[in-house]
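Below: one structure, written as structure tokens.
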Amino acid sequence: MEKPIPSLNNKCANTLHAVVAELDRDTERGEDVLMFGFCVVMLSSSFAPILPPHILLPCVAIVFAITGGLARMNYHGMERKLGKSMSQLEGHEQKILAPISEVFVKNPMPPLSESYNPLKDPKRTLKSILGGILINPLWMPIFYMMGIHMKEERNLYWLNRAIIGVEKKILPPSSSSFE
């Protein structure tokens, strides 16, 4: 049984604001997951004196894979939430949310089974092989997972921009005391 969107069950709240706030929160959650992955990978050099590369580098690739997978699942969850909420909104509200839904249409994310298959993305695979040849063969999986991470980050960037644009449309202009 799927969990209903909590913000849509509250009849007193403005549903359009609730949908945008929920998507904004989920976008921030996806960005946090990706940043956590990048930070853990950056800190992995601290373990280099202790762990040999044949142990450390696969662990780095696994961290990238897990955080990239969590971010992808979050992205697909946002897409489902938006689809559900669009069916419950009125026509003019759907037009306001159109820029956000366009991001999901323009930047579709394949399932994880396709992303983690090196045969499905030969360009990323070739870049990973080239990086492995230039640096170290143990870096190939890291470069491959880094490519997935960068694609996730780019999609969240476009989604965040669309959400900010919609927020500017629906939120009243606030008077700033810093002028």
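Residue numbering restarts at 1 for every chain of the structure tokens, chains are lettered A, B, ... in their displayed order, and ligands are numbered from 1 as they appear.
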Determine, using only C-alpha atoms, which residues of segment 3-63 of chain A have any atom at most 9 Å from an atom of segment 140-147 of chain A, and tabulate each with its shortest atom pair and distance in Å to one decimal place, rows ordered by chain and then rising number, as JSON lines.
```
{"residue": "A:Leu57", "atom": "CA", "partner": "A:Ile142", "partner_atom": "CA", "distance": 7.3}
{"residue": "A:Pro58", "atom": "CA", "partner": "A:Pro141", "partner_atom": "CA", "distance": 7.4}
{"residue": "A:Val60", "atom": "CA", "partner": "A:Ile142", "partner_atom": "CA", "distance": 6.8}
{"residue": "A:Ala61", "atom": "CA", "partner": "A:Ile142", "partner_atom": "CA", "distance": 4.6}
{"residue": "A:Ile62", "atom": "CA", "partner": "A:Ile142", "partner_atom": "CA", "distance": 8.3}
```
I need the chosen residues saved as a tab-separated table (two decimals), in the first residue's frame, with N, CA and C atoms.
```
chain	number	residue	atom	x	y	z
A	57	LEU	N	39.69	1.44	-2.92
A	57	LEU	CA	39.05	1.93	-4.13
A	57	LEU	C	37.72	1.25	-4.43
A	58	PRO	N	37.59	-0.07	-4.27
A	58	PRO	CA	36.25	-0.66	-4.44
A	58	PRO	C	35.24	-0.15	-3.41
A	60	VAL	N	35.19	2.87	-2.19
A	60	VAL	CA	34.80	4.19	-2.69
A	60	VAL	C	33.75	4.04	-3.78
A	61	ALA	N	33.95	3.10	-4.69
A	61	ALA	CA	32.96	2.86	-5.76
A	61	ALA	C	31.63	2.40	-5.18
A	62	ILE	N	31.68	1.60	-4.13
A	62	ILE	CA	30.43	1.14	-3.51
A	62	ILE	C	29.69	2.30	-2.86
```
- Contacts of segment 32-40 of chain A at 8 Å (only C-alpha atoms; same-chain gap of 2+ positions) as a PyMOL selection string: chain A and resi 28-30+42-44+63-64+67-68+70-71+149+153
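In this comparison, which uses only C-alpha atoms, the residue of A:Ile50, A:Ile148, A:Val41, A:Leu16 approaching Tyr116 of chain A most closely is A:Ile148.
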- Message: According to DSSP computed on the backbone, where in chain A is there helix (DSSP H, G or I)? Give the residues as a PyMOL selection string.
- Response: chain A and resi 6-9+15-47+53-88+91-96+98-106+112-115+122-134+137-170
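We find atom CA of Pro118 of chain A and atom CA of Asn74 of chain A to be spaced 22.3 Å apart.
Of the residues listed (A:Val19, A:Ile55, A:Val166, A:Ala65), A:Val166 shows the shortest atom-to-atom separation from Ile96 of chain A; distances use only C-alpha atoms.
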Would you mind listing, for every residue of segment 135-160 of chain A within 10 Å of segment 102-111 of chain A, the two atoms forming the shortest contact and the distance between them in Å to one decimal, using only C-alpha atoms, sorted by chain and ascending residue number, as a tab-separated table?
```
residue	atom	partner	partner_atom	distance
A:Lys151	CA	A:Met109	CA	9.1
A:Glu152	CA	A:Met109	CA	8.6
A:Arg154	CA	A:Asn107	CA	9.4
A:Asn155	CA	A:Asn107	CA	6.6
A:Leu156	CA	A:Val103	CA	9.4
A:Trp158	CA	A:Val103	CA	6.7
A:Leu159	CA	A:Val103	CA	6.0
A:Asn160	CA	A:Val103	CA	9.6
```
- Task: Give me, please, the distance in Å between atom CA of Ala162 of chain A and atom CA of Arg80 of chain A, quoted to one decimal.
- Result: 16.8 Å
- If you count only C-alpha atoms, which residues fall within 10 Å of Lys95 of chain A, apart from same-chain ones fewer than 6 positions away, as an NGL selection string? :A and (86 or 89 or 101)
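Counting only C-alpha atoms, Glu114 of chain A has the following residues at most 12 Å away, ignoring those fewer than 6 positions along the same chain: Gly69, Arg72, Lys120, Asp121, Pro122 and Ile148 of chain A.
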Prev. selection, C-alpha atoms, output as a compact mmCIF listing (two decimals), in the first residue's frame:
```txt
# COMPACT_ATOMS: atom_id res chain seq x y z
CA GLY A 69 21.14 4.72 -6.15
CA ARG A 72 17.89 7.99 -8.15
CA LYS A 120 23.84 0.30 -21.76
CA ASP A 121 26.02 3.42 -21.58
CA PRO A 122 29.09 2.88 -23.77
CA ILE A 148 26.17 8.44 -12.51
```
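Taking atom CA of Ser45 of chain A and atom CA of Leu126 of chain A as endpoints, the distance between them is 25.3 Å.
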